[in-house]
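**Q** This is coords_18.pdb (PDB, C-alpha atoms).
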ATOM      1  CA  MET M   1       0.000   0.000   0.000
ATOM      2  CA  GLU M   2       2.866   2.370   0.659
ATOM      3  CA  PHE M   3       3.737   2.518  -3.018
ATOM      4  CA  LYS M   4       0.207   3.370  -4.172
ATOM      5  CA  LEU M   5      -0.172   6.567  -2.156
ATOM      6  CA  PRO M   6       2.851   8.319  -3.712
ATOM      7  CA  ALA M   7       1.795   7.051  -7.140
ATOM      8  CA  ILE M   8      -1.736   8.393  -6.640
ATOM      9  CA  ALA M   9      -0.387  11.705  -5.335
ATOM     10  CA  CYS M  10       1.908  12.014  -8.337
ATOM     11  CA  ALA M  11      -0.971  11.223 -10.675
ATOM     12  CA  VAL M  12      -3.184  13.865  -9.046
ATOM     13  CA  VAL M  13      -0.440  16.527  -9.094
ATOM     14  CA  GLY M  14       0.485  15.567 -12.667
ATOM     15  CA  GLY M  15      -3.172  15.807 -13.717
ATOM     16  CA  ILE M  16      -3.477  19.239 -12.140
ATOM     17  CA  LEU M  17      -0.334  20.424 -13.907
ATOM     18  CA  LEU M  18      -1.549  19.104 -17.250
ATOM     19  CA  ALA M  19      -4.967  20.649 -16.778
ATOM     20  CA  THR M  20      -3.513  24.077 -16.031
ATOM     21  CA  ALA M  21      -0.625  24.022 -18.520
ATOM     22  CA  PRO M  22      -2.461  25.837 -21.332
ATOM     23  CA  CYS M  23      -3.502  28.577 -18.900
ATOM     24  CA  ALA M  24       0.076  29.008 -17.750
ATOM     25  CA  GLN M  25       1.411  29.509 -21.281
ATOM     26  CA  ALA M  26       1.941  33.105 -22.300
ATOM     27  CA  GLU M  27       0.220  34.592 -25.324
ATOM     28  CA  THR M  28       2.559  35.004 -28.268
ATOM     29  CA  VAL M  29       2.912  37.226 -31.294
ATOM     30  CA  SER M  30       4.243  35.714 -34.499
ATOM     31  CA  ALA M  31       4.791  36.729 -38.088
ATOM     32  CA  MET M  32       3.367  33.287 -38.885
ATOM     33  CA  THR M  33       0.041  34.506 -37.492
ATOM     34  CA  PRO M  34      -0.463  38.044 -38.842
ATOM     35  CA  ALA M  35      -3.672  38.551 -36.852
ATOM     36  CA  SER M  36      -1.641  38.127 -33.644
ATOM     37  CA  VAL M  37       0.329  41.255 -34.578
ATOM     38  CA  VAL M  38      -2.886  43.258 -35.030
ATOM     39  CA  THR M  39      -4.339  41.886 -31.789
ATOM     40  CA  ALA M  40      -1.178  42.736 -29.833
ATOM     41  CA  LEU M  41      -1.016  46.277 -31.244
ATOM     42  CA  LYS M  42      -4.688  46.861 -30.433
ATOM     43  CA  ALA M  43      -4.163  45.466 -26.913
ATOM     44  CA  GLN M  44      -1.538  48.191 -26.448
ATOM     45  CA  GLY M  45      -4.073  50.822 -27.503
ATOM     46  CA  TYR M  46      -2.892  51.386 -31.067
ATOM     47  CA  GLN M  47      -4.993  51.341 -34.223
ATOM     48  CA  ALA M  48      -4.014  48.527 -36.584
ATOM     49  CA  SER M  49      -5.489  46.717 -39.563
ATOM     50  CA  LEU M  50      -4.375  43.727 -41.590
ATOM     51  CA  GLY M  51      -4.068  43.730 -45.368
ATOM     52  CA  GLU M  52      -1.492  42.583 -47.880
ATOM     53  CA  ASP M  53       1.339  44.180 -49.796
ATOM     54  CA  SER M  54       1.765  44.241 -53.578
ATOM     55  CA  SER M  55       3.390  40.788 -53.576
ATOM     56  CA  GLY M  56       0.589  39.202 -51.521
ATOM     57  CA  ASP M  57       2.445  39.029 -48.193
ATOM     58  CA  PRO M  58       0.639  40.226 -45.060
ATOM     59  CA  LEU M  59       0.926  43.933 -44.215
ATOM     60  CA  VAL M  60      -0.293  45.717 -41.104
ATOM     61  CA  THR M  61      -1.003  49.431 -41.207
ATOM     62  CA  ALA M  62      -0.956  51.053 -37.796
ATOM     63  CA  ASP M  63      -0.978  54.290 -35.910
ATOM     64  CA  ILE M  64       1.690  53.879 -33.248
ATOM     65  CA  GLY M  65       1.646  56.816 -30.901
ATOM     66  CA  GLY M  66       0.499  59.175 -33.644
ATOM     67  CA  TRP M  67       3.015  57.832 -36.168
ATOM     68  CA  ARG M  68       1.578  56.256 -39.298
ATOM     69  CA  SER M  69       3.486  53.025 -39.624
ATOM     70  CA  GLN M  70       3.545  49.736 -41.454
ATOM     71  CA  VAL M  71       4.476  46.315 -40.199
ATOM     72  CA  VAL M  72       5.953  44.471 -43.156
ATOM     73  CA  PHE M  73       6.234  40.658 -43.064
ATOM     74  CA  TYR M  74       9.416  38.962 -44.283
ATOM     75  CA  ASP M  75      10.699  35.467 -44.962
ATOM     76  CA  CYS M  76       7.243  34.335 -46.103
ATOM     77  CA  ASN M  77       6.510  31.383 -48.349
ATOM     78  CA  GLU M  78       6.736  32.677 -51.929
ATOM     79  CA  VAL M  79       3.679  30.704 -53.054
ATOM     80  CA  THR M  80       1.309  30.764 -50.071
ATOM     81  CA  HIS M  81       2.568  34.041 -48.505
ATOM     82  CA  GLY M  82       2.233  32.302 -45.134
ATOM     83  CA  GLY M  83       4.763  31.001 -42.652
ATOM     84  CA  CYS M  84       6.451  34.396 -42.310
ATOM     85  CA  GLN M  85       9.372  34.477 -39.880
ATOM     86  CA  SER M  86      10.062  38.137 -39.232
ATOM     87  CA  LEU M  87       8.555  41.613 -39.111
ATOM     88  CA  GLN M  88       9.773  45.092 -39.894
ATOM     89  CA  PHE M  89       8.153  48.162 -38.411
ATOM     90  CA  SER M  90       8.583  51.027 -40.851
ATOM     91  CA  SER M  91       7.701  54.713 -41.116
ATOM     92  CA  SER M  92       8.794  57.098 -43.849
ATOM     93  CA  PHE M  93       8.319  60.852 -43.770
ATOM     94  CA  HIS M  94       9.547  64.186 -45.096
ATOM     95  CA  PRO M  95      11.095  66.125 -42.201
ATOM     96  CA  GLU M  96      10.670  69.846 -41.630
ATOM     97  CA  ARG M  97      14.313  70.101 -40.567
ATOM     98  CA  PRO M  98      17.226  68.304 -42.260
ATOM     99  CA  PHE M  99      18.224  64.865 -41.028
ATOM    100  CA  ASP M 100      21.691  64.038 -42.342
ATOM    101  CA  ALA M 101      24.018  61.023 -42.334
ATOM    102  CA  GLU M 102      25.678  62.104 -39.087
ATOM    103  CA  LYS M 103      22.294  62.123 -37.321
ATOM    104  CA  ALA M 104      21.441  58.773 -38.896
ATOM    105  CA  VAL M 105      24.636  57.228 -37.499
ATOM    106  CA  ALA M 106      23.875  58.669 -34.066
ATOM    107  CA  PHE M 107      20.376  57.160 -34.255
ATOM    108  CA  VAL M 108      21.721  53.711 -35.148
ATOM    109  CA  ASN M 109      24.268  53.889 -32.335
ATOM    110  CA  ALA M 110      21.521  54.763 -29.837
ATOM    111  CA  ASN M 111      18.929  52.283 -31.165
ATOM    112  CA  ARG M 112      20.382  48.799 -31.343
ATOM    113  CA  PHE M 113      17.501  47.183 -33.253
ATOM    114  CA  GLY M 114      16.604  50.113 -35.472
ATOM    115  CA  ALA M 115      17.786  51.500 -38.753
ATOM    116  CA  VAL M 116      17.308  54.844 -40.429
ATOM    117  CA  SER M 117      17.956  55.965 -43.975
ATOM    118  CA  VAL M 118      17.772  59.274 -45.780
ATOM    119  CA  ALA M 119      16.759  59.172 -49.453
ATOM    120  CA  ALA M 120      17.850  61.520 -52.215
ATOM    121  CA  ASP M 121      14.563  63.450 -51.822
ATOM    122  CA  LYS M 122      15.489  63.927 -48.096
ATOM    123  CA  SER M 123      12.710  61.620 -46.891
ATOM    124  CA  VAL M 124      13.610  59.663 -43.770
ATOM    125  CA  THR M 125      12.710  56.010 -43.203
ATOM    126  CA  VAL M 126      12.899  54.499 -39.735
ATOM    127  CA  SER M 127      12.684  50.710 -39.496
ATOM    128  CA  TRP M 128      12.822  48.192 -36.699
ATOM    129  CA  ASP M 129      13.393  44.490 -37.433
ATOM    130  CA  VAL M 130      12.062  41.648 -35.294
ATOM    131  CA  ILE M 131      12.503  37.910 -35.780
ATOM    132  CA  THR M 132       9.467  36.173 -34.298
ATOM    133  CA  GLY M 133       9.752  32.614 -35.595
ATOM    134  CA  SER M 134       6.886  30.611 -34.105
ATOM    135  CA  GLY M 135       6.227  33.340 -31.540
ATOM    136  CA  ILE M 136       7.496  35.796 -28.954
ATOM    137  CA  ASP M 137       5.811  36.647 -25.675
ATOM    138  CA  THR M 138       3.373  39.564 -25.839
ATOM    139  CA  SER M 139       5.363  41.397 -23.154
ATOM    140  CA  VAL M 140       8.482  41.187 -25.335
ATOM    141  CA  PHE M 141       6.487  42.386 -28.334
ATOM    142  CA  ALA M 142       5.205  45.295 -26.220
ATOM    143  CA  MET M 143       8.828  46.264 -25.472
ATOM    144  CA  VAL M 144       9.608  46.158 -29.206
ATOM    145  CA  VAL M 145       6.706  48.469 -30.005
ATOM    146  CA  LYS M 146       7.594  50.811 -27.139
ATOM    147  CA  SER M 147      11.221  51.001 -28.298
ATOM    148  CA  TYR M 148      10.116  51.673 -31.876
ATOM    149  CA  ARG M 149       7.741  54.402 -30.742
ATOM    150  CA  MET M 150      10.423  56.012 -28.569
ATOM    151  CA  ALA M 151      12.803  56.016 -31.552
ATOM    152  CA  LEU M 152      10.154  57.702 -33.727
ATOM    153  CA  ASP M 153       9.426  60.226 -30.972
ATOM    154  CA  SER M 154      13.149  60.966 -30.669
ATOM    155  CA  ILE M 155      13.618  61.659 -34.378
ATOM    156  CA  GLY M 156      10.271  63.456 -34.529
ATOM    157  CA  SER M 157      11.193  65.928 -31.819
ATOM    158  CA  GLU M 158      14.349  66.742 -33.741
ATOM    159  CA  VAL M 159      12.972  67.092 -37.260
ATOM    160  CA  PHE M 160       9.364  68.154 -36.612
ATOM    161  CA  PRO M 161       9.662  70.968 -34.093
ATOM    162  CA  SER M 162       6.225  72.439 -34.724
ATOM    163  CA  SER M 163       3.896  69.563 -35.575
ATOM    164  CA  GLY M 164       5.598  66.703 -33.753
ATOM    165  CA  HIS M 165       4.297  63.954 -36.079
ATOM    166  CA  PRO M 166       4.698  63.599 -39.845
ATOM    167  CA  GLN M 167       2.593  61.850 -42.435
ATOM    168  CA  LEU M 168       3.794  58.649 -44.076
ATOM    169  CA  ALA M 169       5.826  59.530 -47.176
ATOM    170  CA  SER M 170       5.939  56.122 -48.831
ATOM    171  CA  ALA M 171       5.448  52.424 -48.294
ATOM    172  CA  ALA M 172       8.954  51.450 -47.270
ATOM    173  CA  ARG M 173       9.772  47.813 -47.997
TER     174      ARG M 173
END
Would you mind giving the structure from this file in structure tokens?
**A**
Amino acid sequence: MEFKLPAIACAVVGGILLATAPCAQAETVSAMTPASVVTALKAQGYQASLGEDSSGDPLVTADIGGWRSQVVFYDCNEVTHGGCQSLQFSSSFHPERPFDAEKAVAFVNANRFGAVSVAADKSVTVSWDVITGSGIDTSVFAMVVKSYRMALDSIGSEVFPSSGHPQLASAAR
């Protein structure tokens, strides 16, 4: 009889753990599931909608803290346009004040996951790349979005002294 009690206890505890395991798992955001990106952005209070780009890959348009942005999906299946592995947040705008290469380098040095480019027409594109694979925790995704927004706010305060927020100049891809 002594052996049955520990076995029963283990079975009960194991059953409880199995029954609660799905509840204990964190929600994830993945480029493989484009709707999860929209849901996560909306949960953070941002406007977001899902569509597709000119090649058929998913594309999210969003207003992130007053910045018109796109979330572009990469590493997608060329035929099905599904199974995407990564995302790129992107905003392009025409600044009121010049933003030169020296400022772009300073931005990159201060923003580890971001990139900025200045086109010949002086438009500025800020992008932020994220590999999601099968999924990242929503709290990690929230940090990504917050960092991206802070980067946009930083550049915005420098190049848009009067209005603070620009309009999207182009669909950066």
**Q** Find, counting only C-alpha atoms, the residue in M:Thr132, M:Ala35, M:Gly65, M:Phe160 that gets nearest to Gln47 of chain M.
**A**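 Once distances to Gln47 of chain M are computed over only C-alpha atoms, the minimum belongs to M:Gly65.
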**Q** Could you name the residues that touch Phe107 of chain M at 10 Å or less, counting only C-alpha atoms, but leaving out those on the same chain fewer than 4 positions away, as a list in words?
**A** Ala101, Glu102, Lys103, Asn111, Arg112, Gly114, Ala115, Val116, Val126, Ala151, Ser154 and Ile155 of chain M
**Q** Between M:Glu158, M:Glu52, M:Asp75, M:Asp137, which residue has the minimum interatomic distance to Met32 of chain M, considering only C-alpha atoms?
**A**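 For Met32 of chain M, the nearest of the given residues is M:Asp75.
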**Q** For Arg68 of chain M, which residue among M:Ala142, M:Val105, M:Leu152, M:Val38 is the nearest when counting only C-alpha atoms?
**A**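 Using only C-alpha atoms, the shortest distance to Arg68 of chain M belongs to M:Leu152.
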**Q** Using the chain letters and numbering of this document, enumerate as a ChimeraX atom specification the residues selected by the PyMOL selection byres ((chain M and resi 159) around 8).
**A** /M:95-99,155-158,160-161
**Q** Within 7 Å of segment 84-94 of chain M, counting all atoms listed in the file, which residues qualify if same-chain residues fewer than 5 places away don't, as a PDB file with C-alpha atoms, in the coordinates of the input?
**A**
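Result file follows (selection34.pdb):
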ATOM      1  CA  ALA M  31       4.791  36.729 -38.088  1.00  0.00           C
ATOM      2  CA  MET M  32       3.367  33.287 -38.885  1.00  0.00           C
ATOM      3  CA  ARG M  68       1.578  56.256 -39.298  1.00  0.00           C
ATOM      4  CA  SER M  69       3.486  53.025 -39.624  1.00  0.00           C
ATOM      5  CA  GLN M  70       3.545  49.736 -41.454  1.00  0.00           C
ATOM      6  CA  VAL M  71       4.476  46.315 -40.199  1.00  0.00           C
ATOM      7  CA  VAL M  72       5.953  44.471 -43.156  1.00  0.00           C
ATOM      8  CA  PHE M  73       6.234  40.658 -43.064  1.00  0.00           C
ATOM      9  CA  TYR M  74       9.416  38.962 -44.283  1.00  0.00           C
ATOM     10  CA  ASP M  75      10.699  35.467 -44.962  1.00  0.00           C
ATOM     11  CA  CYS M  76       7.243  34.335 -46.103  1.00  0.00           C
ATOM     12  CA  ASN M  77       6.510  31.383 -48.349  1.00  0.00           C
ATOM     13  CA  LYS M 122      15.489  63.927 -48.096  1.00  0.00           C
ATOM     14  CA  SER M 123      12.710  61.620 -46.891  1.00  0.00           C
ATOM     15  CA  VAL M 124      13.610  59.663 -43.770  1.00  0.00           C
ATOM     16  CA  THR M 125      12.710  56.010 -43.203  1.00  0.00           C
ATOM     17  CA  VAL M 126      12.899  54.499 -39.735  1.00  0.00           C
ATOM     18  CA  SER M 127      12.684  50.710 -39.496  1.00  0.00           C
ATOM     19  CA  TRP M 128      12.822  48.192 -36.699  1.00  0.00           C
ATOM     20  CA  ASP M 129      13.393  44.490 -37.433  1.00  0.00           C
ATOM     21  CA  VAL M 130      12.062  41.648 -35.294  1.00  0.00           C
ATOM     22  CA  ILE M 131      12.503  37.910 -35.780  1.00  0.00           C
ATOM     23  CA  THR M 132       9.467  36.173 -34.298  1.00  0.00           C
ATOM     24  CA  GLY M 133       9.752  32.614 -35.595  1.00  0.00           C
ATOM     25  CA  PRO M 166       4.698  63.599 -39.845  1.00  0.00           C
ATOM     26  CA  GLN M 167       2.593  61.850 -42.435  1.00  0.00           C
ATOM     27  CA  LEU M 168       3.794  58.649 -44.076  1.00  0.00           C
ATOM     28  CA  ALA M 169       5.826  59.530 -47.176  1.00  0.00           C
ATOM     29  CA  SER M 170       5.939  56.122 -48.831  1.00  0.00           C
ATOM     30  CA  ALA M 172       8.954  51.450 -47.270  1.00  0.00           C
TER      31      ALA M 172
END
**Q** With the file shown as input, list the residues that the PyMOL selection byres ((chain M and resi 56) around 10) selects, as a PyMOL selection string.
**A** chain M and resi 51-55+57-59+76+78-82
